[in-house]
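Notes to accompany the following structure.
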Number of protein chains: 4
Amino acid sequence: MTNVAIVGANGYSGEELCAILARHPRVRLAAVTSRQHAGKSVVDILPRLAGRPSVSGLSFSESSVDNLLGSGVEFIFLALPHGLAKEFAAPLVEAGKRIIDLSADFRLRDAKIYQEFYGEEHGAAHLLAGAVYGLPELHRAAIAGAGLVASAGCYPTSILLPLVPLLKAGLLQPSTIIASSASGVSGAGRKADTSLLYAECNESLRAYGLPKHRHLSEIEQELSLAAAATVAITFVPHLAPMNRGIHSTIFVNPAEGKKLADIEACWQAAYAREPFVRLTKSLPDVKNVNGTNFCDIAVREDARTGRLVILSVVDNLVKGAAGQAVQNFNLMAGLPETEALL
Amino acid sequence: MTNVAIVGANGYSGEELCAILARHPRVRLAAVTSRQHAGKSVVDILPRLAGRPSVSGLSFSESSVDNLLGSGVEFIFLALPHGLAKEFAAPLVEAGKRIIDLSADFRLRDAKIYQEFYGEEHGAAHLLAGAVYGLPELHRAAIAGAGLVASAGCYPTSILLPLVPLLKAGLLQPSTIIASSASGVSGAGRKADTSLLYAECNESLRAYGLPKHRHLSEIEQELSLAAAATVAITFVPHLAPMNRGIHSTIFVNPAEGKKLADIEACWQAAYAREPFVRLTKSLPDVKNVNGTNFCDIAVREDARTGRLVILSVVDNLVKGAAGQAVQNFNLMAGLPETEALL
Amino acid sequence: MTNVAIVGANGYSGEELCAILARHPRVRLAAVTSRQHAGKSVVDILPRLAGRPSVSGLSFSESSVDNLLGSGVEFIFLALPHGLAKEFAAPLVEAGKRIIDLSADFRLRDAKIYQEFYGEEHGAAHLLAGAVYGLPELHRAAIAGAGLVASAGCYPTSILLPLVPLLKAGLLQPSTIIASSASGVSGAGRKADTSLLYAECNESLRAYGLPKHRHLSEIEQELSLAAAATVAITFVPHLAPMNRGIHSTIFVNPAEGKKLADIEACWQAAYAREPFVRLTKSLPDVKNVNGTNFCDIAVREDARTGRLVILSVVDNLVKGAAGQAVQNFNLMAGLPETEALL
Amino acid sequence: MTNVAIVGANGYSGEELCAILARHPRVRLAAVTSRQHAGKSVVDILPRLAGRPSVSGLSFSESSVDNLLGSGVEFIFLALPHGLAKEFAAPLVEAGKRIIDLSADFRLRDAKIYQEFYGEEHGAAHLLAGAVYGLPELHRAAIAGAGLVASAGCYPTSILLPLVPLLKAGLLQPSTIIASSASGVSGAGRKADTSLLYAECNESLRAYGLPKHRHLSEIEQELSLAAAATVAITFVPHLAPMNRGIHSTIFVNPAEGKKLADIEACWQAAYAREPFVRLTKSLPDVKNVNGTNFCDIAVREDARTGRLVILSVVDNLVKGAAGQAVQNFNLMAGLPETEALL
């Protein structure tokens, strides 16, 4: 049994992480912290988790670095808002803990881009070089040996999984990439904001965060790595009236002479054996991945314009957050990658 | 044209009130106030209202009594939280303004019951005797002449309209009344409360406010008046995943010897000519009343137990709030009662 | 009072049309037909419409041309599936009736394109030359005098209103247009299809109809007219978990040297006085137009890629169907264009 | 590994059953049948199940008794509509197969009551005496040894779990029981019925099946057994706009002299060690049980009327159908009762 801690367990990602780890046969939840709820029983605050033996006796502890260092855990999941994660990560990494960070704080290699997109100095930039971008399908080997894994975000996962192998294989014209994505409302977090009220989001559909959503920075970083050239894309996120799910519709021109069959063959080569990527015949639907760690991907050709339309879906709280974090953890801990996730 | 003001126009009821009054052919919206948004264009805050000539030039003014007195309006709608409405009403009533209050502040005749249910002294109890309970189907004549109308609440409207004529006619055993109601989330108001977030209310259904929801006080007051005896009922409200609509399921035993046909005949007599009460053959559904000022009512007999099951629906923001307020206003102003509401 | 008939009134568009015409002060609903429900009371089938004096006594009549010719109406709304509308329109037009057709049957000028997109011969192609595409903001004068108006569809309205003036003014590169749209489920009609069940559409988001949705044909026809050149676009519709609303996100490159300010100025010139087009500062949201005849439009510049992102929303059943049909009717009948619609 | 078959796997309960059994460590899905989809790949029809090793190679086989007898399975789950299940069960039981039936066909001990509530002769009434009502918390020992288990329904589970121990202990006045329940739309099954379309159920709430819903028969049978006297209750089901979840609000008078504390103590004694019953402090919410096999229960006292208000929730597809069936199966097969369910 591996002892783990979750810091910031009362947000949506943290709650989902508790739920997944509670059924993980090789994990003991040694500490679950919450600034807001320290001292209270976990199941009083998160009643969905009641009745799971591994959670039912737990109380939230104070979210302090000292607590975590004293808890004797080897792995620590940070489910904190960006900005806050950095403060926790630095002393924990130095003390030899292995960190899976669900925030955006260590996803960017370049602290200047962090500052550009997040509007503040990074402050723990010395850790960026050692951090690994936590998308297992792309960086499996590096994740396994990492001390600090920056688990990939929800929109990025839905966009990178289909595009990265195609860019690596030179099958696309990178400058033509446009991604139009929609997210369920849990993606905005459990925060008291009137724009996220039920009656503001139900029977509603709207774009937001234009033209420079924060996730664009990590998407372009990984696309550029794959293309071995700087890639800039247009990315438009939307808020859709559902609890969970990311749907991405990606428009792109194939590289000169490349065809639909090349795309499909490239994906087959990359993903036929991946446990969490499903290449679907029918058009992806978030309802097929919600509650799971799968990413479903399909492509259609628009013969009239020569464009490809790529469609992909993930559950923003699972493959886009907590599930991905556990997948990363499984790799880091040398456990079967699918443990607790299938 | 009658000049009116709306105080607290940025909540859900206030916004609906703006929308209804904007299409009222005999009304000029002379002032629309909001503490939070004073000075801002109404349509910048409530973009749904843009494009209506009568609203498009308006800005929110400061919610002050002096402003209102200086605005030269004759009628003032108060769309404020309970507690706040009282403070505004007193000086305005004294200055001769005619008030339609959408809050609960003047619905109870007895200040002690107000204190019991609302947890604070009333403070303007001298106005209670002159206030009229604003449910036109029950108190039409008194409303027409009133200076202060306490527009009836959403749950109460759905429960009182079916029960009051039956109690008056002695057709029910009052001690057997149980009401199980469900409300759309807009009923909880536009407030930054995590329990009202989309992801907390969607795919959710839960009771709340047990066992003594505030609306119980006005329901029992009016039922007792109708029965000419003290009536105590069991009332359980639920929050349902929809924007709008109240559905009430009422269980009651008929009085000795009374039958389904008596119930139906009594309703026919009371409501056949009411413009906003529809006695339906099929079971009521909130979707049939949402966006309208109708209350739909039906009854079924449970022959196996001898109980009646009465079902009723209203739109909590229209017949349960803003529409009812305008219906009251139309009566007070001597206008056709259905103006702007059909 | 103008006598009108609605053919096929029990679908979603037909029901909405009844609701709008029921509050139209210059219209008498002389006949409402339904093959399926002939002989039944309208409000028994569509209980939402009960209590409106102009509907409450009506029964559905048989959907036959003879019936309609005998009914003495001057204007006939066809709210039928495509394919069926053609059969009704021909004899009615010949008999001098003025037709507002909500289907796609007369929207295309070219019968071959109809056959390509709808998979069957047109059969009444001789009427196409005389039919007017019923988008009042683009073809107001022609609509006013037309005998047969093909009321514009929901997706097309949301895409054409923002793009047509820009293409006419040469502000866009037509070959770069991509439209990613999402529709509420009522857009698929009231048909017994398991893929449209609540539990298949809730917590679901999916693209469909790729790569050649039928509406593409009318979109490209009107865009080509505006650009005075053949325009082919990529169009991806999605089904979103909401009753109503179309949201379109349009990606396009400005013409050489054209800027955001040119776009905005062009729209101001085209739409500042249009009663049903709102140029919004904030990003459009379907909740702001649902239940109304408005189309909200905004634009953002993606400076990093040089693309424009245009956003627009309509209610698919109002500005995308029944409201637009009434707007067309008002023009044809010489009535104020906004009657019953504001 | 135990070989099992699922008959009728393409409905909602059948699909959920596949999902649960696919993660069951002691089960091999040997046959999955569907009349409609025989010959097709399971994951083509139910794409949500793709990527699970135990399902991915499966095709639907023909739903025939011969097929099932030839398949060599020991346990057969019937996820068929009532009426159809009987036809399958009889020859399978005779052949010694052990059956878990998710339909209502074998839940009633008395074939006459079946005929009264289901409107047809039973036809396999000789099996009723040997069938066990499949609610493990009430009939665990009998289920373990049974050849034919009639897995308890969704509404009944939510009503019986709180009430049965209280009736057994004489804590309630049985004649006062009223249950007002609401179900998510998946409870109505995956059938092409316009009343179940998204746009008919969203922003909708309505009672149905009054006054004698079919589930009433099994509820009263089990309540009567518990009370050792005939119990008749009033039961009103509602359809609520959500995919999953049953919420029951139960009104009842305590027996003379019995208090809230007696209720709570009785439940503690009955359920403190039950793995799937949670006695909650806060009011139950379907979102806390959706996707799980839990039943959450709470009670409040309405001191003003002397009534108790009991609240309970289950996921209609898990504890109300597929999860319960697997819990029954685990008992029958001598496996840990919670296998694949926690």
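Here's how to read the names in the structure tokens: chain A, B, ... by the order shown, residue numbers from 1 in each chain, ligand numbers from 1 in the order shown.
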Next on the checklist: When you look at range 48-54 of chain A with a cut-off of 9 Å (counting only C-alpha atoms), what residues show up, excluding the ones that are within fewer than 3 positions of it in the same chain? I need them as a ChimeraX atom specification.
Outcome noted: /A:15,18-19,21-23,28-29,42-45,57-58 /D:275-278,287-290,294,342
Preceding selection exported with N, CA, C and O atoms as an mmCIF file, in the first residue's frame:
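The new file result07.cif reads:
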data_model
loop_
_atom_site.group_PDB
_atom_site.id
_atom_site.type_symbol
_atom_site.label_atom_id
_atom_site.label_comp_id
_atom_site.auth_asym_id
_atom_site.auth_seq_id
_atom_site.Cartn_x
_atom_site.Cartn_y
_atom_site.Cartn_z
ATOM 1 N N GLU A 15 -12.480 16.277 -5.059
ATOM 2 C CA GLU A 15 -13.514 15.309 -4.677
ATOM 3 C C GLU A 15 -13.452 14.077 -5.577
ATOM 4 O O GLU A 15 -13.526 12.936 -5.108
ATOM 5 N N CYS A 18 -10.533 11.970 -4.599
ATOM 6 C CA CYS A 18 -10.871 11.149 -3.425
ATOM 7 C C CYS A 18 -11.665 9.919 -3.851
ATOM 8 O O CYS A 18 -11.410 8.802 -3.382
ATOM 9 N N ALA A 19 -12.643 10.124 -4.722
ATOM 10 C CA ALA A 19 -13.509 9.013 -5.130
ATOM 11 C C ALA A 19 -12.701 7.939 -5.852
ATOM 12 O O ALA A 19 -12.887 6.745 -5.630
ATOM 13 N N LEU A 21 -9.319 7.452 -5.724
ATOM 14 C CA LEU A 21 -8.322 6.827 -4.846
ATOM 15 C C LEU A 21 -8.984 5.937 -3.795
ATOM 16 O O LEU A 21 -8.385 4.957 -3.340
ATOM 17 N N ALA A 22 -10.223 6.269 -3.429
ATOM 18 C CA ALA A 22 -10.920 5.433 -2.445
ATOM 19 C C ALA A 22 -11.150 4.017 -2.962
ATOM 20 O O ALA A 22 -11.317 3.082 -2.182
ATOM 21 N N ARG A 23 -11.179 3.851 -4.268
ATOM 22 C CA ARG A 23 -11.349 2.490 -4.795
ATOM 23 C C ARG A 23 -10.050 1.922 -5.367
ATOM 24 O O ARG A 23 -10.066 0.876 -6.027
ATOM 25 N N ARG A 28 -3.431 4.048 0.182
ATOM 26 C CA ARG A 28 -4.063 4.451 1.435
ATOM 27 C C ARG A 28 -4.106 5.968 1.468
ATOM 28 O O ARG A 28 -3.063 6.626 1.315
ATOM 29 N N LEU A 29 -5.314 6.520 1.645
ATOM 30 C CA LEU A 29 -5.461 7.976 1.750
ATOM 31 C C LEU A 29 -5.019 8.383 3.148
ATOM 32 O O LEU A 29 -5.778 8.291 4.111
ATOM 33 N N VAL A 42 -14.604 14.336 6.387
ATOM 34 C CA VAL A 42 -14.665 14.447 4.922
ATOM 35 C C VAL A 42 -16.082 14.170 4.414
ATOM 36 O O VAL A 42 -16.613 14.898 3.567
ATOM 37 N N VAL A 43 -16.724 13.157 4.955
ATOM 38 C CA VAL A 43 -18.033 12.790 4.395
ATOM 39 C C VAL A 43 -19.147 13.736 4.825
ATOM 40 O O VAL A 43 -20.214 13.762 4.206
ATOM 41 N N ASP A 44 -18.898 14.540 5.863
ATOM 42 C CA ASP A 44 -19.889 15.572 6.170
ATOM 43 C C ASP A 44 -19.871 16.658 5.095
ATOM 44 O O ASP A 44 -20.914 17.239 4.772
ATOM 45 N N ILE A 45 -18.709 16.940 4.577
ATOM 46 C CA ILE A 45 -18.584 17.991 3.552
ATOM 47 C C ILE A 45 -18.852 17.417 2.167
ATOM 48 O O ILE A 45 -19.433 18.075 1.310
ATOM 49 N N GLY A 57 -13.622 7.298 7.747
ATOM 50 C CA GLY A 57 -13.112 7.802 9.017
ATOM 51 C C GLY A 57 -12.279 9.063 8.917
ATOM 52 O O GLY A 57 -11.865 9.617 9.934
ATOM 53 N N LEU A 58 -12.040 9.537 7.705
ATOM 54 C CA LEU A 58 -11.108 10.651 7.510
ATOM 55 C C LEU A 58 -11.685 12.010 7.886
ATOM 56 O O LEU A 58 -12.858 12.266 7.652
ATOM 57 N N PRO D 275 -23.759 -2.370 3.943
ATOM 58 C CA PRO D 275 -22.785 -1.635 3.133
ATOM 59 C C PRO D 275 -23.401 -0.594 2.209
ATOM 60 O O PRO D 275 -22.713 0.340 1.793
ATOM 61 N N PHE D 276 -24.685 -0.723 1.884
ATOM 62 C CA PHE D 276 -25.260 0.169 0.878
ATOM 63 C C PHE D 276 -26.380 1.063 1.394
ATOM 64 O O PHE D 276 -27.085 1.696 0.615
ATOM 65 N N VAL D 277 -26.579 1.105 2.687
ATOM 66 C CA VAL D 277 -27.556 2.038 3.256
ATOM 67 C C VAL D 277 -26.788 3.058 4.085
ATOM 68 O O VAL D 277 -26.004 2.691 4.958
ATOM 69 N N ARG D 278 -27.008 4.327 3.774
ATOM 70 C CA ARG D 278 -26.344 5.380 4.536
ATOM 71 C C ARG D 278 -27.397 6.228 5.245
ATOM 72 O O ARG D 278 -28.297 6.775 4.582
ATOM 73 N N LYS D 287 -27.889 13.489 -6.200
ATOM 74 C CA LYS D 287 -26.537 13.583 -6.769
ATOM 75 C C LYS D 287 -25.508 12.841 -5.925
ATOM 76 O O LYS D 287 -24.451 12.474 -6.439
ATOM 77 N N ASN D 288 -25.816 12.613 -4.669
ATOM 78 C CA ASN D 288 -24.868 11.882 -3.815
ATOM 79 C C ASN D 288 -24.904 10.376 -4.027
ATOM 80 O O ASN D 288 -23.980 9.673 -3.620
ATOM 81 N N VAL D 289 -25.962 9.870 -4.619
ATOM 82 C CA VAL D 289 -26.046 8.421 -4.858
ATOM 83 C C VAL D 289 -25.946 8.065 -6.339
ATOM 84 O O VAL D 289 -25.724 6.896 -6.669
ATOM 85 N N ASN D 290 -26.109 9.038 -7.219
ATOM 86 C CA ASN D 290 -26.073 8.687 -8.644
ATOM 87 C C ASN D 290 -24.728 8.058 -9.011
ATOM 88 O O ASN D 290 -23.678 8.517 -8.577
ATOM 89 N N PHE D 294 -25.699 3.029 -3.391
ATOM 90 C CA PHE D 294 -26.170 3.435 -2.064
ATOM 91 C C PHE D 294 -27.633 3.865 -2.074
ATOM 92 O O PHE D 294 -28.138 4.370 -3.077
ATOM 93 N N LEU D 342 -18.601 -1.142 -4.954
ATOM 94 C CA LEU D 342 -18.126 -0.071 -4.060
ATOM 95 C C LEU D 342 -17.003 0.716 -4.726
ATOM 96 O O LEU D 342 -16.221 0.147 -5.482
#
Problem - 9 Å contact set for Tyr118 in chain B, only C-alpha atoms, chain neighbours under 6 positions out, as JSON, numbers by chain - result: {"B": [82, 83, 214]}
Residues of the last selection are to be written out with N, CA and C atoms, as a PDB file, in the first residue's frame.
ATOM      1  N   HIS B  82     -36.664  39.907   1.628  1.00  0.00           N
ATOM      2  CA  HIS B  82     -37.449  40.251   2.807  1.00  0.00           C
ATOM      3  C   HIS B  82     -36.521  40.906   3.833  1.00  0.00           C
ATOM      4  N   GLY B  83     -37.094  41.755   4.644  1.00  0.00           N
ATOM      5  CA  GLY B  83     -36.284  42.489   5.615  1.00  0.00           C
ATOM      6  C   GLY B  83     -35.939  43.869   5.081  1.00  0.00           C
ATOM      7  N   ARG B 214     -40.223  29.224   5.509  1.00  0.00           N
ATOM      8  CA  ARG B 214     -40.856  30.509   5.804  1.00  0.00           C
ATOM      9  C   ARG B 214     -42.217  30.694   5.150  1.00  0.00           C
TER      10      ARG B 214
END
Q: Can you check which residues of chain B have any atom within 9 Å of chain D? Use only C-alpha atoms and format it as a PyMOL selection string.
A: chain B and resi 175+178+180+182+184+200-208+210-212+232-236+240-247+249+251+283-288+290+300-305+307+309+311+313
Any chance you can output those residues with N, CA and C atoms as a tab-separated table (two decimals), in the first residue's frame?
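Output below, filename result_35.tsv:
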chain	number	residue	atom	x	y	z
B	175	SER	N	-57.06	19.20	8.68
B	175	SER	CA	-55.90	18.67	9.41
B	175	SER	C	-55.12	17.63	8.62
B	178	ILE	N	-51.28	17.88	3.32
B	178	ILE	CA	-49.82	17.76	3.17
B	178	ILE	C	-49.47	18.27	1.78
B	180	SER	N	-46.33	18.67	-0.92
B	180	SER	CA	-44.97	18.37	-1.33
B	180	SER	C	-44.71	19.14	-2.61
B	182	ALA	N	-42.02	21.29	-5.44
B	182	ALA	CA	-40.67	21.38	-5.99
B	182	ALA	C	-40.56	22.69	-6.76
B	184	GLY	N	-38.03	25.31	-9.28
B	184	GLY	CA	-36.84	25.57	-10.07
B	184	GLY	C	-35.87	26.43	-9.29
B	200	GLU	N	-24.03	21.82	-8.74
B	200	GLU	CA	-24.63	21.33	-7.49
B	200	GLU	C	-26.12	21.06	-7.64
B	201	CYS	N	-26.72	21.65	-8.65
B	201	CYS	CA	-28.18	21.55	-8.80
B	201	CYS	C	-28.59	20.67	-9.97
B	202	ASN	N	-27.74	20.56	-10.97
B	202	ASN	CA	-28.05	19.70	-12.10
B	202	ASN	C	-27.87	18.25	-11.67
B	203	GLU	N	-28.69	17.35	-12.20
B	203	GLU	CA	-28.67	15.95	-11.78
B	203	GLU	C	-28.76	15.86	-10.26
B	204	SER	N	-29.55	16.72	-9.68
B	204	SER	CA	-29.74	16.78	-8.23
B	204	SER	C	-31.22	16.96	-7.96
B	205	LEU	N	-31.69	16.41	-6.87
B	205	LEU	CA	-33.04	16.69	-6.38
B	205	LEU	C	-32.98	16.51	-4.88
B	206	ARG	N	-33.44	17.51	-4.15
B	206	ARG	CA	-33.30	17.44	-2.70
B	206	ARG	C	-34.38	18.29	-2.02
B	207	ALA	N	-34.81	17.82	-0.87
B	207	ALA	CA	-35.68	18.63	-0.03
B	207	ALA	C	-34.81	19.65	0.70
B	208	TYR	N	-35.44	20.71	1.19
B	208	TYR	CA	-34.71	21.71	1.97
B	208	TYR	C	-35.70	22.44	2.86
B	210	LEU	N	-36.64	22.12	5.85
B	210	LEU	CA	-37.51	21.34	6.73
B	210	LEU	C	-37.24	21.65	8.19
B	211	PRO	N	-38.28	21.57	9.02
B	211	PRO	CA	-39.67	21.31	8.69
B	211	PRO	C	-40.49	22.60	8.61
B	212	LYS	N	-39.85	23.75	8.61
B	212	LYS	CA	-40.64	24.96	8.81
B	212	LYS	C	-40.19	26.05	7.86
B	232	ALA	N	-53.10	23.82	10.32
B	232	ALA	CA	-51.65	23.55	10.28
B	232	ALA	C	-51.41	22.45	9.27
B	233	ILE	N	-50.45	22.66	8.38
B	233	ILE	CA	-50.20	21.66	7.35
B	233	ILE	C	-48.75	21.21	7.40
B	234	THR	N	-48.48	20.10	6.73
B	234	THR	CA	-47.08	19.70	6.51
B	234	THR	C	-46.69	20.15	5.12
B	235	PHE	N	-45.56	20.83	5.03
B	235	PHE	CA	-45.12	21.40	3.76
B	235	PHE	C	-43.65	21.06	3.56
B	236	VAL	N	-43.35	20.38	2.46
B	236	VAL	CA	-41.96	20.02	2.16
B	236	VAL	C	-41.57	20.57	0.79
B	240	ALA	N	-35.50	21.43	-7.59
B	240	ALA	CA	-35.45	20.56	-8.78
B	240	ALA	C	-34.58	21.19	-9.85
B	241	PRO	N	-33.96	20.37	-10.69
B	241	PRO	CA	-33.02	20.90	-11.69
B	241	PRO	C	-33.70	21.52	-12.90
B	242	MET	N	-34.24	22.70	-12.69
B	242	MET	CA	-34.85	23.45	-13.79
B	242	MET	C	-34.75	24.92	-13.41
B	243	ASN	N	-34.81	25.78	-14.39
B	243	ASN	CA	-34.71	27.22	-14.10
B	243	ASN	C	-35.96	27.73	-13.39
B	244	ARG	N	-37.11	27.31	-13.89
B	244	ARG	CA	-38.36	27.90	-13.45
B	244	ARG	C	-39.38	26.83	-13.18
B	245	GLY	N	-40.40	27.24	-12.43
B	245	GLY	CA	-41.54	26.37	-12.23
B	245	GLY	C	-41.65	25.89	-10.81
B	246	ILE	N	-42.90	25.88	-10.32
B	246	ILE	CA	-43.24	25.27	-9.04
B	246	ILE	C	-44.25	24.17	-9.35
B	247	HIS	N	-44.02	23.00	-8.80
B	247	HIS	CA	-45.00	21.92	-8.90
B	247	HIS	C	-45.39	21.54	-7.48
B	249	THR	N	-47.75	18.99	-5.13
B	249	THR	CA	-48.59	17.79	-5.02
B	249	THR	C	-49.18	17.82	-3.62
B	251	PHE	N	-51.82	16.37	-0.77
B	251	PHE	CA	-52.58	15.21	-0.30
B	251	PHE	C	-53.58	15.69	0.74
B	283	LEU	N	-52.56	15.83	-16.32
B	283	LEU	CA	-51.82	16.21	-15.11
B	283	LEU	C	-50.96	17.44	-15.41
B	284	PRO	N	-50.96	18.40	-14.53
B	284	PRO	CA	-50.20	19.64	-14.77
B	284	PRO	C	-48.70	19.37	-14.93
B	285	ASP	N	-48.06	20.21	-15.73
B	285	ASP	CA	-46.63	20.12	-16.00
B	285	ASP	C	-46.10	21.55	-15.98
B	286	VAL	N	-45.01	21.77	-15.27
B	286	VAL	CA	-44.50	23.15	-15.20
B	286	VAL	C	-44.19	23.70	-16.58
B	287	LYS	N	-43.85	22.84	-17.53
B	287	LYS	CA	-43.48	23.40	-18.85
B	287	LYS	C	-44.66	24.09	-19.53
B	288	ASN	N	-45.88	23.74	-19.12
B	288	ASN	CA	-47.05	24.39	-19.73
B	288	ASN	C	-47.33	25.78	-19.17
B	290	ASN	N	-44.61	27.69	-17.65
B	290	ASN	CA	-43.39	28.51	-17.60
B	290	ASN	C	-43.45	29.63	-18.65
B	300	ARG	N	-56.93	14.16	-8.63
B	300	ARG	CA	-57.21	12.74	-8.84
B	300	ARG	C	-57.63	12.15	-7.50
B	301	GLU	N	-58.43	11.11	-7.59
B	301	GLU	CA	-58.87	10.45	-6.37
B	301	GLU	C	-58.07	9.16	-6.20
B	302	ASP	N	-57.58	8.92	-5.01
B	302	ASP	CA	-56.92	7.65	-4.71
B	302	ASP	C	-57.94	6.79	-3.98
B	303	ALA	N	-58.74	6.08	-4.76
B	303	ALA	CA	-59.89	5.38	-4.19
B	303	ALA	C	-59.46	4.36	-3.14
B	304	ARG	N	-58.28	3.82	-3.27
B	304	ARG	CA	-57.82	2.78	-2.36
B	304	ARG	C	-57.63	3.30	-0.94
B	305	THR	N	-57.26	4.59	-0.81
B	305	THR	CA	-57.01	5.13	0.53
B	305	THR	C	-58.03	6.21	0.89
B	307	ARG	N	-57.96	9.18	-0.22
B	307	ARG	CA	-57.37	10.52	-0.28
B	307	ARG	C	-57.56	11.15	-1.66
B	309	VAL	N	-55.58	13.62	-4.41
B	309	VAL	CA	-54.26	14.14	-4.79
B	309	VAL	C	-54.50	15.33	-5.71
B	311	LEU	N	-52.93	18.54	-7.82
B	311	LEU	CA	-51.66	18.92	-8.45
B	311	LEU	C	-51.79	20.31	-9.02
B	313	VAL	N	-49.41	23.81	-10.72
B	313	VAL	CA	-48.13	24.36	-11.19
B	313	VAL	C	-48.26	25.84	-11.50
Report task. Tell me which protein, DNA and RNA residues are within 10 Å of Ala89 in chain D, counting only C-alpha atoms, leaving out same-chain ones fewer than 6 positions away, and put them as a ChimeraX atom specification. Result -> /D:65,76-78,95,97-101,105-106,124,127,148
Can you tell me which residues surround Ala9 in chain D at a distance of at most 7 Å, considering only C-alpha atoms, apart from same-chain residues fewer than 5 positions away, and format the answer as an MDAnalysis selection string?
chainID D and resid 14:15 32:34 79
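Excluding range 332-338 of chain A and any residue on its chain fewer than 3 positions from it, the residues at most 10 Å away by only C-alpha atoms are Thr2, Arg26, Glu74, Phe75, Arg98, Ile99, Ile100, Pro136, Arg140, Ala141, Ala142, Ile143, Ala144, Gly145, Ala146, Gly147, Leu148, Val149, Pro275, Phe276, Asn293, Gly323, Val326, Gln327, Asn328, Phe329, Leu341 and Leu342 of chain A.
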### Message
I want to know what sits within 10 Å of range 188-192 of chain D, based on only C-alpha atoms, with residues of the same chain fewer than 4 positions away left out; could you give that as a PyMOL selection string?
### Response
(chain C and resi 191-200) or (chain D and resi 10-13+81+183-184+196-197+239)
Spatial neighbours of range 254-264 of chain C, 6 Å, only C-alpha atoms, chain gap at least 4 places, as a ChimeraX atom specification: /C:171-173
query: So which residues of range 38-76 of chain D fall under strand (DSSP E) by DSSP, listed as number ranges by chain?
result: D: 60-61, 75-76
note - CA of Leu46 in chain B and CA of Leu279 in chain C are separated by 14.4 Å
*Quote the spacing between CA of Ala125 in chain C and CA of Ser151 in chain C in Å to one decimal place.*
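Value for the CA of Ala125 in chain C-CA of Ser151 in chain C distance: 17.0 Å.
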Exercise. Any chance you could list, as a list of chain:residue names, the residues in range 55-132 of chain A that come up alpha helix (DSSP H) when DSSP is run on the backbone?
Key: A:Val55, A:Ser56, A:Val65, A:Asp66, A:Asn67, A:Leu68, A:Leu69, A:Gly70, A:Leu84, A:Ala85, A:Lys86, A:Glu87, A:Phe88, A:Ala89, A:Ala90, A:Pro91, A:Leu92, A:Val93, A:Glu94, A:Ala111, A:Lys112, A:Ile113, A:Tyr114, A:Gln115, A:Glu116, A:Phe117, A:Tyr118
Using only C-alpha atoms, which residue out of A:Ala90, A:Cys266, A:Ala111, A:Leu138 lies closest to Leu166 in chain A?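 That would be A:Cys266, the residue with the smallest distance to Leu166 in chain A.
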